[in-house]
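A.B. asks: Contents of input.cif (mmCIF, C-alpha atoms) are below:
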```cif
data_start
#
loop_
_atom_site.label_atom_id
_atom_site.label_comp_id
_atom_site.auth_asym_id
_atom_site.auth_seq_id
_atom_site.Cartn_x
_atom_site.Cartn_y
_atom_site.Cartn_z
CA MET A 5 140.67 207.64 34.96
CA ASP A 6 144.24 208.90 34.68
CA GLN A 7 145.07 210.62 31.41
CA ARG A 8 147.39 208.58 29.22
CA THR A 9 150.68 210.27 28.40
CA TYR A 10 153.70 209.61 26.22
CA ASN A 11 155.79 210.87 29.13
CA GLN A 12 158.09 212.80 26.79
CA TYR A 13 159.27 216.37 27.24
CA CYS A 14 158.59 217.17 23.59
CA ALA A 15 156.13 219.66 22.09
CA THR A 16 154.69 217.10 19.67
CA ALA A 17 154.24 214.49 22.40
CA ARG A 18 152.70 217.01 24.79
CA THR A 19 150.24 218.10 22.08
CA LEU A 20 149.28 214.50 21.36
CA ASP A 21 148.77 214.00 25.09
CA LEU A 22 146.01 216.63 24.77
CA VAL A 23 144.40 215.88 21.41
CA GLY A 24 145.76 212.51 20.27
CA GLU A 25 142.94 210.33 21.62
CA ARG A 26 140.42 208.88 19.16
CA TRP A 27 137.64 211.36 18.18
CA THR A 28 139.28 214.33 19.91
CA LEU A 29 140.54 216.11 16.80
CA LEU A 30 137.24 215.44 15.04
CA ILE A 31 135.46 217.28 17.86
CA VAL A 32 137.88 220.15 17.30
CA ARG A 33 137.12 219.96 13.56
CA GLU A 34 133.41 220.37 14.26
CA LEU A 35 133.96 223.33 16.57
CA LEU A 36 136.25 225.13 14.10
CA THR A 37 133.11 226.18 12.21
CA GLY A 38 131.48 227.66 15.31
CA PRO A 39 129.81 226.70 18.61
CA LYS A 40 127.86 223.45 18.64
CA ARG A 41 125.28 221.97 20.98
CA PHE A 42 125.89 218.51 22.40
CA GLY A 43 123.19 217.13 20.10
CA ASP A 44 124.80 218.81 17.07
CA LEU A 45 128.08 217.08 17.85
CA GLN A 46 126.31 213.75 18.30
CA SER A 47 124.62 214.14 14.93
CA SER A 48 127.87 215.01 13.14
CA LEU A 49 130.00 212.37 14.85
CA ARG A 50 127.95 209.23 14.30
CA GLY A 51 129.60 206.26 15.91
CA LEU A 52 130.78 208.28 18.89
CA GLY A 53 128.74 207.20 21.91
CA THR A 54 127.11 209.69 24.26
CA GLY A 55 129.33 208.74 27.19
CA LEU A 56 132.56 208.99 25.22
CA LEU A 57 131.54 212.33 23.69
CA ALA A 58 130.81 213.72 27.17
CA SER A 59 134.16 212.39 28.39
CA ARG A 60 136.09 213.92 25.50
CA LEU A 61 134.37 217.29 25.96
CA LYS A 62 135.15 217.28 29.68
CA HIS A 63 138.79 216.51 28.88
CA LEU A 64 139.01 219.35 26.36
CA GLU A 65 137.28 221.71 28.76
CA ARG A 66 139.58 220.71 31.62
CA GLU A 67 142.63 221.28 29.43
CA GLY A 68 141.49 224.76 28.36
CA LEU A 69 140.74 223.97 24.72
CA VAL A 70 136.92 224.04 24.87
CA ARG A 71 134.51 226.14 26.94
CA LYS A 72 130.78 226.09 27.58
CA VAL A 73 128.77 228.95 26.09
CA THR A 74 125.13 229.93 25.59
CA LEU A 75 124.02 230.42 22.00
CA PRO A 76 122.54 233.86 21.22
CA PRO A 77 118.79 234.41 20.67
CA PRO A 78 116.61 232.86 19.48
CA ALA A 79 118.37 229.60 20.45
CA ARG A 80 119.57 230.52 23.98
CA THR A 81 120.77 226.94 24.53
CA PRO A 82 124.01 225.61 26.07
CA ALA A 83 126.76 224.80 23.60
CA TYR A 84 130.51 224.20 23.32
CA ASP A 85 133.03 226.51 21.68
CA LEU A 86 136.78 226.55 21.21
CA THR A 87 138.91 228.73 23.45
CA GLY A 88 141.74 230.80 21.98
CA ALA A 89 144.10 227.89 22.49
CA GLY A 90 141.67 225.47 20.85
CA ALA A 91 141.13 227.76 17.85
CA GLU A 92 144.90 227.82 17.24
CA LEU A 93 144.67 224.12 16.36
CA ALA A 94 143.04 225.18 13.07
CA PRO A 95 146.28 225.19 11.00
CA ALA A 96 147.14 221.70 12.26
CA VAL A 97 143.68 220.35 11.40
CA LEU A 98 143.78 222.00 7.96
CA ALA A 99 147.25 220.58 7.34
CA LEU A 100 145.96 217.09 8.16
CA ALA A 101 143.02 217.64 5.80
CA ARG A 102 145.35 218.84 3.02
CA TRP A 103 147.58 215.79 3.48
CA GLY A 104 144.52 213.54 3.54
CA MET A 105 143.14 214.94 0.28
CA LYS A 106 146.42 214.07 -1.43
CA TRP A 107 147.43 210.84 0.28
CA ALA A 108 144.44 209.29 2.08
CA MET A 109 141.05 210.06 0.53
CA GLY A 110 140.68 207.98 -2.61
CA GLU A 111 137.15 206.83 -3.35
CA ARG A 112 134.39 206.75 -0.81
CA ARG A 113 134.15 203.37 0.93
CA GLU A 114 130.90 201.53 1.47
CA GLY A 115 129.26 202.61 4.72
CA GLU A 116 131.33 205.79 5.10
CA VAL A 117 129.31 208.74 6.39
CA PHE A 118 129.60 212.01 4.49
CA GLN A 119 128.24 215.40 5.44
CA ALA A 120 128.29 218.40 3.15
CA GLY A 121 129.20 220.66 6.08
CA TRP A 122 132.65 219.08 6.14
CA ALA A 123 133.27 220.80 2.80
CA VAL A 124 133.68 224.02 4.79
CA LEU A 125 137.17 222.96 5.86
CA GLY A 126 137.82 221.33 2.49
CA LEU A 127 137.29 224.64 0.70
CA LYS A 128 139.62 226.39 3.15
CA VAL A 129 142.29 223.81 2.35
CA ALA A 130 141.82 224.26 -1.41
CA PHE A 131 141.68 228.09 -1.32
CA VAL A 132 144.28 229.86 -3.49
CA PRO A 133 145.08 233.23 -1.86
CA GLU A 134 146.89 234.56 -4.96
CA ALA A 135 143.75 234.11 -7.06
CA ALA A 136 141.79 236.30 -4.64
CA ALA A 137 144.25 239.21 -4.49
CA GLY A 138 142.32 242.48 -4.47
CA MET A 139 139.03 240.61 -4.63
CA ARG A 140 136.01 241.03 -2.39
CA ALA A 141 133.01 238.72 -2.78
CA ILE A 142 130.60 236.50 -0.86
CA TYR A 143 129.59 233.08 -2.14
CA GLU A 144 126.76 230.98 -0.75
CA PHE A 145 126.76 227.18 -1.10
CA ARG A 146 123.62 225.09 -0.76
CA ILE A 147 124.48 221.39 -0.68
CA GLY A 148 121.32 219.41 -0.04
CA ASP A 149 120.04 220.63 3.33
CA GLU A 150 123.39 222.20 4.31
CA VAL A 151 123.99 225.92 3.79
CA PHE A 152 127.27 227.77 4.29
CA HIS A 153 129.03 230.72 2.73
CA ALA A 154 132.51 232.03 2.00
CA ARG A 155 133.66 235.60 2.49
CA VAL A 156 136.60 236.35 0.23
CA HIS A 157 138.56 239.51 0.93
CA ASP A 158 141.89 240.38 -0.69
CA GLY A 159 143.57 236.99 -0.53
CA THR A 160 141.79 235.71 2.57
CA ILE A 161 138.75 233.52 3.08
CA GLU A 162 136.34 233.05 5.97
CA MET A 163 133.99 230.07 5.88
CA VAL A 164 130.74 230.47 7.84
CA LEU A 165 127.90 228.03 8.43
CA GLY A 166 124.48 229.37 7.48
CA PRO A 167 123.16 231.53 4.64
CA ALA A 168 124.66 234.82 3.45
CA GLN A 169 122.57 237.99 3.52
CA GLN A 170 123.54 239.31 0.09
CA PRO A 171 125.77 236.82 -1.72
CA ASP A 172 127.46 237.82 -4.96
CA GLY A 173 127.10 234.25 -6.16
CA ARG A 174 125.18 231.15 -5.14
CA ILE A 175 125.95 227.51 -5.91
CA GLU A 176 123.34 224.77 -5.42
CA THR A 177 124.01 221.06 -5.83
CA THR A 178 123.71 217.70 -4.07
CA GLU A 179 125.94 215.71 -1.75
CA ASP A 180 126.52 213.12 -4.48
CA VAL A 181 127.89 215.75 -6.85
CA LEU A 182 130.11 217.10 -4.07
CA VAL A 183 131.50 213.59 -3.54
CA ASP A 184 132.17 213.33 -7.28
CA MET A 185 134.12 216.60 -7.06
CA ALA A 186 136.11 215.34 -4.07
CA GLU A 187 136.97 212.13 -5.94
CA GLY A 188 138.02 214.05 -9.06
CA ARG A 189 135.26 212.69 -11.32
CA THR A 190 133.91 216.15 -12.05
CA SER A 191 134.64 219.81 -11.39
CA LEU A 192 132.44 222.70 -10.38
CA VAL A 193 132.55 224.09 -13.92
CA ASP A 194 131.61 220.70 -15.43
CA ALA A 195 128.79 220.26 -12.89
CA ILE A 196 127.36 223.66 -13.81
CA MET A 197 127.68 222.89 -17.50
CA ASP A 198 125.85 219.55 -17.28
CA GLY A 199 123.15 220.90 -14.95
CA SER A 200 124.03 218.85 -11.86
CA ALA A 201 124.89 222.15 -10.13
CA ARG A 202 123.20 225.52 -10.47
CA ALA A 203 124.93 228.89 -10.30
CA SER A 204 123.25 232.27 -9.89
CA GLY A 205 124.35 235.81 -9.11
CA ASP A 206 126.90 238.25 -10.46
CA ARG A 207 128.53 236.82 -13.60
CA SER A 208 131.99 238.28 -12.96
CA ALA A 209 132.04 236.90 -9.40
CA LEU A 210 130.96 233.47 -10.65
CA ASP A 211 133.63 233.55 -13.38
CA ARG A 212 136.34 234.03 -10.73
CA LEU A 213 134.96 231.36 -8.42
CA HIS A 214 136.44 228.31 -10.15
CA GLY A 215 139.96 229.76 -9.93
CA LEU A 216 139.72 230.37 -6.18
CA PHE A 217 140.00 226.70 -5.22
CA GLN A 218 142.55 224.11 -6.24
CA PHE A 219 142.21 220.68 -4.68
CA PRO A 220 145.35 218.57 -4.16
CA ARG A 221 145.64 215.82 -6.77
CA PRO A 222 145.30 212.39 -5.13
CA GLN A 223 148.54 210.39 -5.03
CA ALA A 224 149.24 206.73 -4.29
CA ARG A 225 151.19 206.15 -1.08
CA ARG A 226 152.86 203.09 -2.57
CA ALA A 227 154.89 203.18 -5.77
#
```
Could you spell out this file's structure in structure tokens?
C.D. replies:
Amino acid sequence: MDQRTYNQYCATARTLDLVGERWTLLIVRELLTGPKRFGDLQSSLRGLGTGLLASRLKHLEREGLVRKVTLPPPARTPAYDLTGAGAELAPAVLALARWGMKWAMGERREGEVFQAGWAVLGLKVAFVPEAAAGMRAIYEFRIGDEVFHARVHDGTIEMVLGPAQQPDGRIETTEDVLVDMAEGRTSLVDAIMDGSARASGDRSALDRLHGLFQFPRPQARRA
């Protein structure tokens, strides 16, 4: 099948020629947090059929945005990872997420799938570099069955899937509470206070945690 094109000599149009098809940017979103097996992508992108996923991955691989890799021991299984060019889509994906938090999210609709792992990019969007100036800390988040951690270092943040070896602070809560936070019905501090979230670790690191993230306030697109 011939690739559809806008047939415009324009950087925006050329980029959309590569990643503008349905599901393509969501595949990039999944790979921004690290290599994924085909089955991992299927699990995260429910509603995307096996054939279409394979087609999209072949397209991204052909265009030099995705490459096949082998996961390190003990997995040693084939997976997909972003190339250098693919990884440079991160600011664009984060900008879309930031815009969406302000102008598109609203309340969760009936039937909408939610996965706590998507909070990895959400926290990167909400990160306030100025609040982390001169700071160095590692925070681990356990949301239901999902585990990821944040490495904060002097105004920068790195989000990593999986547990941290020696976190300075640990937050444990449920997906439902995370949704309440995303919809503005509660905050991390309020969730800790009412017991719907648990915090453990170094007190000073935990005290600074709530100031590290500021989520965009939802706005109505129509006056």
A.B. asks: Taking 6 positions as the minimum chain separation for residues in the same chain, which residues sit within 12 Å of stretch 15-19 of chain A when counting only C-alpha atoms? Answer as a VMD selection string.
C.D. replies: chain A and resid 7 to 9 25 28 to 29 67 69 89 to 90 93 96
A.B. asks: Give me the result of the PyMOL selection byres ((chain A and resi 64) around 10) on this file, residue by residue, as a JSON list (two decimals) with C-alpha atoms, keeping the file's coordinate frame.
C.D. replies:
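File written: expr.json
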```
[["chain", "number", "residue", "atom", "x", "y", "z"],
["A", 22, "LEU", "CA", 146.01, 216.63, 24.77],
["A", 23, "VAL", "CA", 144.40, 215.88, 21.41],
["A", 28, "THR", "CA", 139.28, 214.33, 19.91],
["A", 31, "ILE", "CA", 135.46, 217.28, 17.86],
["A", 32, "VAL", "CA", 137.88, 220.15, 17.30],
["A", 58, "ALA", "CA", 130.81, 213.72, 27.17],
["A", 59, "SER", "CA", 134.16, 212.39, 28.39],
["A", 60, "ARG", "CA", 136.09, 213.92, 25.50],
["A", 61, "LEU", "CA", 134.37, 217.29, 25.96],
["A", 62, "LYS", "CA", 135.15, 217.28, 29.68],
["A", 63, "HIS", "CA", 138.79, 216.51, 28.88],
["A", 65, "GLU", "CA", 137.28, 221.71, 28.76],
["A", 66, "ARG", "CA", 139.58, 220.71, 31.62],
["A", 67, "GLU", "CA", 142.63, 221.28, 29.43],
["A", 68, "GLY", "CA", 141.49, 224.76, 28.36],
["A", 69, "LEU", "CA", 140.74, 223.97, 24.72],
["A", 70, "VAL", "CA", 136.92, 224.04, 24.87],
["A", 71, "ARG", "CA", 134.51, 226.14, 26.94],
["A", 86, "LEU", "CA", 136.78, 226.55, 21.21],
["A", 87, "THR", "CA", 138.91, 228.73, 23.45],
["A", 90, "GLY", "CA", 141.67, 225.47, 20.85]]
```
A.B. asks: Counting all atoms listed in the file, which residue out of A:Ala224, A:Leu52, A:Leu35, A:Ile161 sits closest to A:Met139?
C.D. replies: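 Of A:Ala224, A:Leu52, A:Leu35, A:Ile161, the one nearest A:Met139 is A:Ile161, counting all atoms listed in the file.
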A.B. asks: Using the chain letters and numbers from the file, which residues does the PyMOL selection byres ((chain A and resi 127) around 10) grab, as a list in words?
C.D. replies: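 Written out, the selection comes to Trp122, Ala123, Val124, Leu125, Gly126, Lys128, Val129, Ala130, Phe131, Val132, Ala154, Ile161, Glu162, Met163, Leu216, Phe217, Gln218 and Phe219 of chain A.
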A.B. asks: Pick from A:Val117, A:Ala227, A:Ile196, A:Met105: nearest to A:His214, with all atoms listed in the file counted?
C.D. replies: A:Ile196
A.B. asks: Going by the chain IDs and residue numbers used in this file, which residues fall under the PyMOL selection byres ((chain A and resi 172) around 6)? Write them as a VMD selection string.
C.D. replies: chain A and resid 142 to 143 171 173 205 to 206
A.B. asks: Suppose you want the space between atom CA of A:Val164 and atom CA of A:Thr190; what is it in Å?
C.D. replies: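 Result for atom CA of A:Val164 versus atom CA of A:Thr190: 24.7 Å, one decimal.
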A.B. asks: Point out the residue among A:Pro95, A:Arg50, A:Leu182, A:Ala141 with the least atom-to-atom distance to A:Asp211, counting only C-alpha atoms.
C.D. replies: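 Using only C-alpha atoms, the shortest distance to A:Asp211 belongs to A:Ala141.
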A.B. asks: Is it possible to dump stretch 175-186 of chain A as a short mmCIF file (atom, residue, chain, number, x, y, z; two decimals), in the first residue's frame, including just N, CA and C atoms?
C.D. replies:
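After the write, selection-v5.cif holds the following:
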```cif
data_model
loop_
_atom_site.label_atom_id
_atom_site.label_comp_id
_atom_site.auth_asym_id
_atom_site.auth_seq_id
_atom_site.Cartn_x
_atom_site.Cartn_y
_atom_site.Cartn_z
N ILE A 175 5.71 6.47 47.07
CA ILE A 175 4.29 6.78 47.09
C ILE A 175 3.53 5.55 46.59
N GLU A 176 2.51 5.13 47.35
CA GLU A 176 1.68 4.00 46.96
C GLU A 176 0.22 4.42 46.97
N THR A 177 -0.48 4.15 45.88
CA THR A 177 -1.91 4.46 45.80
C THR A 177 -2.55 3.61 44.72
N THR A 178 -3.78 3.92 44.36
CA THR A 178 -4.52 3.12 43.39
C THR A 178 -4.75 3.93 42.11
N GLU A 179 -5.16 3.24 41.06
CA GLU A 179 -5.47 3.91 39.80
C GLU A 179 -6.62 4.90 39.97
N ASP A 180 -7.62 4.53 40.79
CA ASP A 180 -8.76 5.42 40.98
C ASP A 180 -8.34 6.74 41.61
N VAL A 181 -7.44 6.69 42.57
CA VAL A 181 -6.96 7.92 43.20
C VAL A 181 -6.15 8.74 42.19
N LEU A 182 -5.39 8.07 41.35
CA LEU A 182 -4.62 8.78 40.33
C LEU A 182 -5.54 9.49 39.35
N VAL A 183 -6.66 8.84 38.99
CA VAL A 183 -7.64 9.48 38.12
C VAL A 183 -8.25 10.70 38.81
N ASP A 184 -8.53 10.58 40.11
CA ASP A 184 -9.06 11.72 40.85
C ASP A 184 -8.08 12.89 40.84
N MET A 185 -6.78 12.58 40.93
CA MET A 185 -5.77 13.64 40.86
C MET A 185 -5.77 14.29 39.47
N ALA A 186 -5.86 13.45 38.44
CA ALA A 186 -5.84 13.97 37.07
C ALA A 186 -7.05 14.85 36.80
#
```
